[in-house]
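Contents: one structure, followed by commentary.
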Amino acid sequence: MNVAEAKSELKRLLSRLRPAELTQLLGWMKNSDELEDELLGDNGRVLLQSIAEDLRANVAPDAMLACETAAYSKMQRRSRPTVHVDGFLYDDEQVDSLCERGLMSRNYCLSCGSHRTAPLDFISHSFSVTELRFLFQHVLPDLSGRTLVDVGSRLGAVLYGGYVYSSASRLLGLEISEGFVRLQDSMLHKYKLTDRVQVCVFGS
């Protein structure tokens with residue numbers, strides 16, 4: 001069906017309604033989020049998923065940089081084996097897919113060569129897209145006219161989420177790693193988010 005046919009079909013459908021119901025339906029169409037969420041999808045989610053896809057192509061699967069020696073050391077000292085899976089880059093379905101393809105495991109062997117296994121602990125330094133949406137739409141207050149500062153912005157998930165899901169006038173990322181700052185900068189410019197988002201090296 002093309003646009004002209006859709007318009008014709010919509011007019012035909014609307015002409016069958018009683019006037020009071022027509023007014024009610026038109027009001028719903030103008031003001032409801034249902035149409036956008038169900039038919040058009042969440043454009044913000046699509047943008048964030050595109051950014052995540054680009055970032056996945058630029059970082060190792062664990063999304064950690066070689067300069068993060070303190071974080072690596074901390075993970076090694078944990079009582080149970082732990083892997084870092086960035087929640088912004090990989091949702092649960094993507095982790096399942098990686099496990100099915102043998103690129104990641106959810107378990108570790110308790111004694112080499114045996115069938116005795118235990119679940120690995122997973123940690124993330126980022127919010128998932130779903131968590132970002134919830135954070136900005138339900139947890140934080142209205143950020144209109146305010147500046148949001150993300151200290152330790154890493155890959156920039158909070159900044160991108162704030163751009164999409166909040167009205168903050170400015171989003172500022174502070175990051176100690178120049179490598180992460182370069183990655184964030186490249187995403188900000190590629191997706192034209194620099195009108196409200198800025199990232200800089202902490203301490204510079």
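Order determines the names: the first chain of the structure tokens is A, the second B, and so forth; residues in each chain are numbered 1 upward, and ligands are numbered 1 upward as they are shown.
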Can you pull out every residue within 10 Å of Ser169 in chain A, counting only C-alpha atoms, but drop anything in the same chain fewer than 3 positions away, and send it as a PyMOL selection string? chain A and resi 143-148+162-163+166+195-197
Report as a ChimeraX atom specification: the residues of range 84-166 of chain A with a DSSP assignment of alpha helix (DSSP H), based on the backbone of this structure. /A:92-100,129-134,157-165
Keeping only C-alpha atoms, write the selected residues to a file as an mmCIF file, in the first residue's frame.
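Okay, again_30.cif is ready:
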data_model
loop_
_atom_site.group_PDB
_atom_site.id
_atom_site.type_symbol
_atom_site.label_atom_id
_atom_site.label_comp_id
_atom_site.auth_asym_id
_atom_site.auth_seq_id
_atom_site.Cartn_x
_atom_site.Cartn_y
_atom_site.Cartn_z
ATOM 1 C CA ASP A 92 20.797 -10.021 26.699
ATOM 2 C CA GLU A 93 19.795 -11.315 23.265
ATOM 3 C CA GLN A 94 23.167 -10.344 21.820
ATOM 4 C CA VAL A 95 24.972 -12.056 24.713
ATOM 5 C CA ASP A 96 22.874 -15.191 24.104
ATOM 6 C CA SER A 97 23.800 -15.073 20.426
ATOM 7 C CA LEU A 98 27.512 -14.728 21.238
ATOM 8 C CA CYS A 99 27.268 -17.697 23.612
ATOM 9 C CA GLU A 100 25.466 -19.815 21.005
ATOM 10 C CA VAL A 129 19.364 1.233 26.243
ATOM 11 C CA THR A 130 16.295 0.123 28.222
ATOM 12 C CA GLU A 131 17.879 1.245 31.495
ATOM 13 C CA LEU A 132 18.812 4.613 29.978
ATOM 14 C CA ARG A 133 15.259 5.224 28.833
ATOM 15 C CA PHE A 134 13.894 4.318 32.279
ATOM 16 C CA ALA A 157 26.117 5.780 26.931
ATOM 17 C CA VAL A 158 24.680 8.204 29.518
ATOM 18 C CA LEU A 159 25.426 11.162 27.260
ATOM 19 C CA TYR A 160 23.742 9.577 24.234
ATOM 20 C CA GLY A 161 20.801 8.455 26.375
ATOM 21 C CA GLY A 162 20.478 11.928 27.871
ATOM 22 C CA TYR A 163 20.476 13.455 24.407
ATOM 23 C CA VAL A 164 17.682 11.172 23.245
ATOM 24 C CA TYR A 165 15.554 10.827 26.369
#
Would you tabulate, counting only C-alpha atoms, all residues of range 50-95 of chain A that have an atom at most 12 Å from an atom of range 109-128 of chain A, showing the closest pair of atoms and their distance in Å to one decimal, sorted by chain then ascending number, as JSON lines?
{"residue": "A:Ala52", "atom": "CA", "partner": "A:Ser128", "partner_atom": "CA", "distance": 10.0}
{"residue": "A:Asp62", "atom": "CA", "partner": "A:Ser124", "partner_atom": "CA", "distance": 9.2}
{"residue": "A:Ala63", "atom": "CA", "partner": "A:His125", "partner_atom": "CA", "distance": 9.3}
{"residue": "A:Met64", "atom": "CA", "partner": "A:His125", "partner_atom": "CA", "distance": 9.5}
{"residue": "A:Ala71", "atom": "CA", "partner": "A:His125", "partner_atom": "CA", "distance": 10.3}
{"residue": "A:Tyr72", "atom": "CA", "partner": "A:Ile123", "partner_atom": "CA", "distance": 11.9}
{"residue": "A:Lys74", "atom": "CA", "partner": "A:Ile123", "partner_atom": "CA", "distance": 11.8}
{"residue": "A:Met75", "atom": "CA", "partner": "A:Ile123", "partner_atom": "CA", "distance": 9.2}
{"residue": "A:Gln76", "atom": "CA", "partner": "A:Asp121", "partner_atom": "CA", "distance": 11.8}
{"residue": "A:Arg78", "atom": "CA", "partner": "A:Asp121", "partner_atom": "CA", "distance": 9.6}
{"residue": "A:Ser79", "atom": "CA", "partner": "A:Asp121", "partner_atom": "CA", "distance": 10.0}
{"residue": "A:Arg80", "atom": "CA", "partner": "A:Asp121", "partner_atom": "CA", "distance": 6.9}
{"residue": "A:Pro81", "atom": "CA", "partner": "A:Leu120", "partner_atom": "CA", "distance": 5.9}
{"residue": "A:Thr82", "atom": "CA", "partner": "A:Asp121", "partner_atom": "CA", "distance": 4.6}
{"residue": "A:Val83", "atom": "CA", "partner": "A:Phe122", "partner_atom": "CA", "distance": 5.2}
{"residue": "A:His84", "atom": "CA", "partner": "A:Ile123", "partner_atom": "CA", "distance": 5.0}
{"residue": "A:Val85", "atom": "CA", "partner": "A:Ser124", "partner_atom": "CA", "distance": 5.4}
{"residue": "A:Asp86", "atom": "CA", "partner": "A:Ser124", "partner_atom": "CA", "distance": 4.7}
{"residue": "A:Gly87", "atom": "CA", "partner": "A:Ser128", "partner_atom": "CA", "distance": 4.6}
{"residue": "A:Phe88", "atom": "CA", "partner": "A:Ser128", "partner_atom": "CA", "distance": 4.3}
{"residue": "A:Leu89", "atom": "CA", "partner": "A:Ser128", "partner_atom": "CA", "distance": 7.5}
{"residue": "A:Tyr90", "atom": "CA", "partner": "A:Ser128", "partner_atom": "CA", "distance": 7.8}
{"residue": "A:Asp91", "atom": "CA", "partner": "A:Ser128", "partner_atom": "CA", "distance": 6.8}
{"residue": "A:Asp92", "atom": "CA", "partner": "A:Ser128", "partner_atom": "CA", "distance": 9.6}
{"residue": "A:Gln94", "atom": "CA", "partner": "A:Ser128", "partner_atom": "CA", "distance": 11.9}
{"residue": "A:Val95", "atom": "CA", "partner": "A:Phe122", "partner_atom": "CA", "distance": 10.7}
Using C-alpha atoms, can you write the selected residues to a file as a short mmCIF file (atom, residue, chain, number, x, y, z; two decimals), in the first residue's frame?
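So the final result, stored in result-v1.cif, reads:
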data_model
loop_
_atom_site.label_atom_id
_atom_site.label_comp_id
_atom_site.auth_asym_id
_atom_site.auth_seq_id
_atom_site.Cartn_x
_atom_site.Cartn_y
_atom_site.Cartn_z
CA ALA A 52 26.26 0.88 19.96
CA ASP A 62 34.85 -6.68 26.60
CA ALA A 63 34.82 -2.94 25.71
CA MET A 64 37.82 -2.31 27.92
CA ALA A 71 39.77 -2.20 36.45
CA TYR A 72 41.38 -5.39 35.14
CA LYS A 74 39.99 -5.35 40.42
CA MET A 75 38.17 -7.94 38.30
CA GLN A 76 40.99 -10.44 38.87
CA ARG A 78 37.01 -10.98 42.72
CA SER A 79 36.20 -14.25 44.46
CA ARG A 80 34.50 -15.64 41.35
CA PRO A 81 35.62 -15.38 37.73
CA THR A 82 34.09 -12.27 36.21
CA VAL A 83 33.77 -11.00 32.67
CA HIS A 84 32.98 -7.48 31.56
CA VAL A 85 30.09 -7.21 29.10
CA ASP A 86 29.12 -3.65 28.32
CA GLY A 87 25.36 -3.29 28.83
CA PHE A 88 25.11 -0.48 26.28
CA LEU A 89 26.86 -2.47 23.56
CA TYR A 90 25.36 -5.90 24.22
CA ASP A 91 21.80 -6.60 25.35
CA ASP A 92 20.80 -10.02 26.70
CA GLN A 94 23.17 -10.34 21.82
CA VAL A 95 24.97 -12.06 24.71
#
Going by DSSP on the backbone, which bits of range 3-166 of chain A are strand (DSSP E or B)? Write them as an MDAnalysis selection string, please. chainID A and resid 82:84 107:109 117:119 121:123 144 147:151
Any idea what's packed within 12 Å of range 2-16 of chain A, counting only C-alpha atoms, ignoring anything in its chain fewer than 6 positions away? Could you give it as number ranges by chain? A: 22-26, 29
Generate the output file for the selected residues, N, CA and C atoms, as a CSV table (one decimal), in the first residue's frame.
chain,number,residue,atom,x,y,z
A,22,LEU,N,-15.4,10.3,16.3
A,22,LEU,CA,-14.4,10.8,15.4
A,22,LEU,C,-13.5,11.8,16.1
A,23,THR,N,-14.1,12.7,16.8
A,23,THR,CA,-13.3,13.7,17.6
A,23,THR,C,-12.4,13.0,18.6
A,24,GLN,N,-13.0,12.0,19.3
A,24,GLN,CA,-12.2,11.3,20.3
A,24,GLN,C,-11.0,10.6,19.6
A,25,LEU,N,-11.3,9.9,18.5
A,25,LEU,CA,-10.2,9.2,17.8
A,25,LEU,C,-9.1,10.1,17.3
A,26,LEU,N,-9.5,11.2,16.7
A,26,LEU,CA,-8.5,12.2,16.2
A,26,LEU,C,-7.7,12.8,17.4
A,29,MET,N,-5.2,10.1,18.2
A,29,MET,CA,-4.1,10.1,17.2
A,29,MET,C,-3.1,11.2,17.3
Please list as a ChimeraX atom specification every residue within 12 Å of Glu175 in chain A, counting only C-alpha atoms and excluding residues in the same chain fewer than 5 positions away. /A:149-156,159,180-185,198-204
Dump of C-alpha atoms for the selected residues, as an mmCIF file, in the first residue's frame:
data_model
loop_
_atom_site.group_PDB
_atom_site.id
_atom_site.type_symbol
_atom_site.label_atom_id
_atom_site.label_comp_id
_atom_site.auth_asym_id
_atom_site.auth_seq_id
_atom_site.Cartn_x
_atom_site.Cartn_y
_atom_site.Cartn_z
ATOM 1 C CA VAL A 149 27.657 15.834 34.024
ATOM 2 C CA ASP A 150 28.727 12.213 33.604
ATOM 3 C CA VAL A 151 32.010 11.617 35.425
ATOM 4 C CA GLY A 152 33.770 8.595 33.958
ATOM 5 C CA SER A 153 31.710 8.646 30.783
ATOM 6 C CA ARG A 154 33.644 5.749 29.147
ATOM 7 C CA LEU A 155 31.841 5.003 25.857
ATOM 8 C CA GLY A 156 29.302 7.812 26.395
ATOM 9 C CA LEU A 159 25.426 11.162 27.260
ATOM 10 C CA PHE A 180 37.426 6.718 25.326
ATOM 11 C CA VAL A 181 37.214 10.474 24.702
ATOM 12 C CA ARG A 182 38.236 9.941 21.061
ATOM 13 C CA LEU A 183 35.598 7.221 20.647
ATOM 14 C CA GLN A 184 32.897 9.415 22.166
ATOM 15 C CA ASP A 185 33.944 12.404 20.078
ATOM 16 C CA GLN A 198 30.528 17.618 24.887
ATOM 17 C CA VAL A 199 33.188 15.292 26.252
ATOM 18 C CA CYS A 200 36.623 16.164 27.556
ATOM 19 C CA VAL A 201 39.578 14.530 29.232
ATOM 20 C CA PHE A 202 39.180 14.810 32.988
ATOM 21 C CA GLY A 203 41.933 16.924 34.471
ATOM 22 C CA SER A 204 42.786 18.722 31.236
#
Distance in Å - CA of Gly44 in chain A versus CA of Met104 in chain A: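 These two atoms are separated by 28.4 Å.
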My list of candidates is A:Leu172, A:Met1, A:Leu193, A:Met187. Which is closest to Leu55 in chain A when distances are computed with only C-alpha atoms?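 Answer, going by the shortest atom-to-atom distance: A:Met187.
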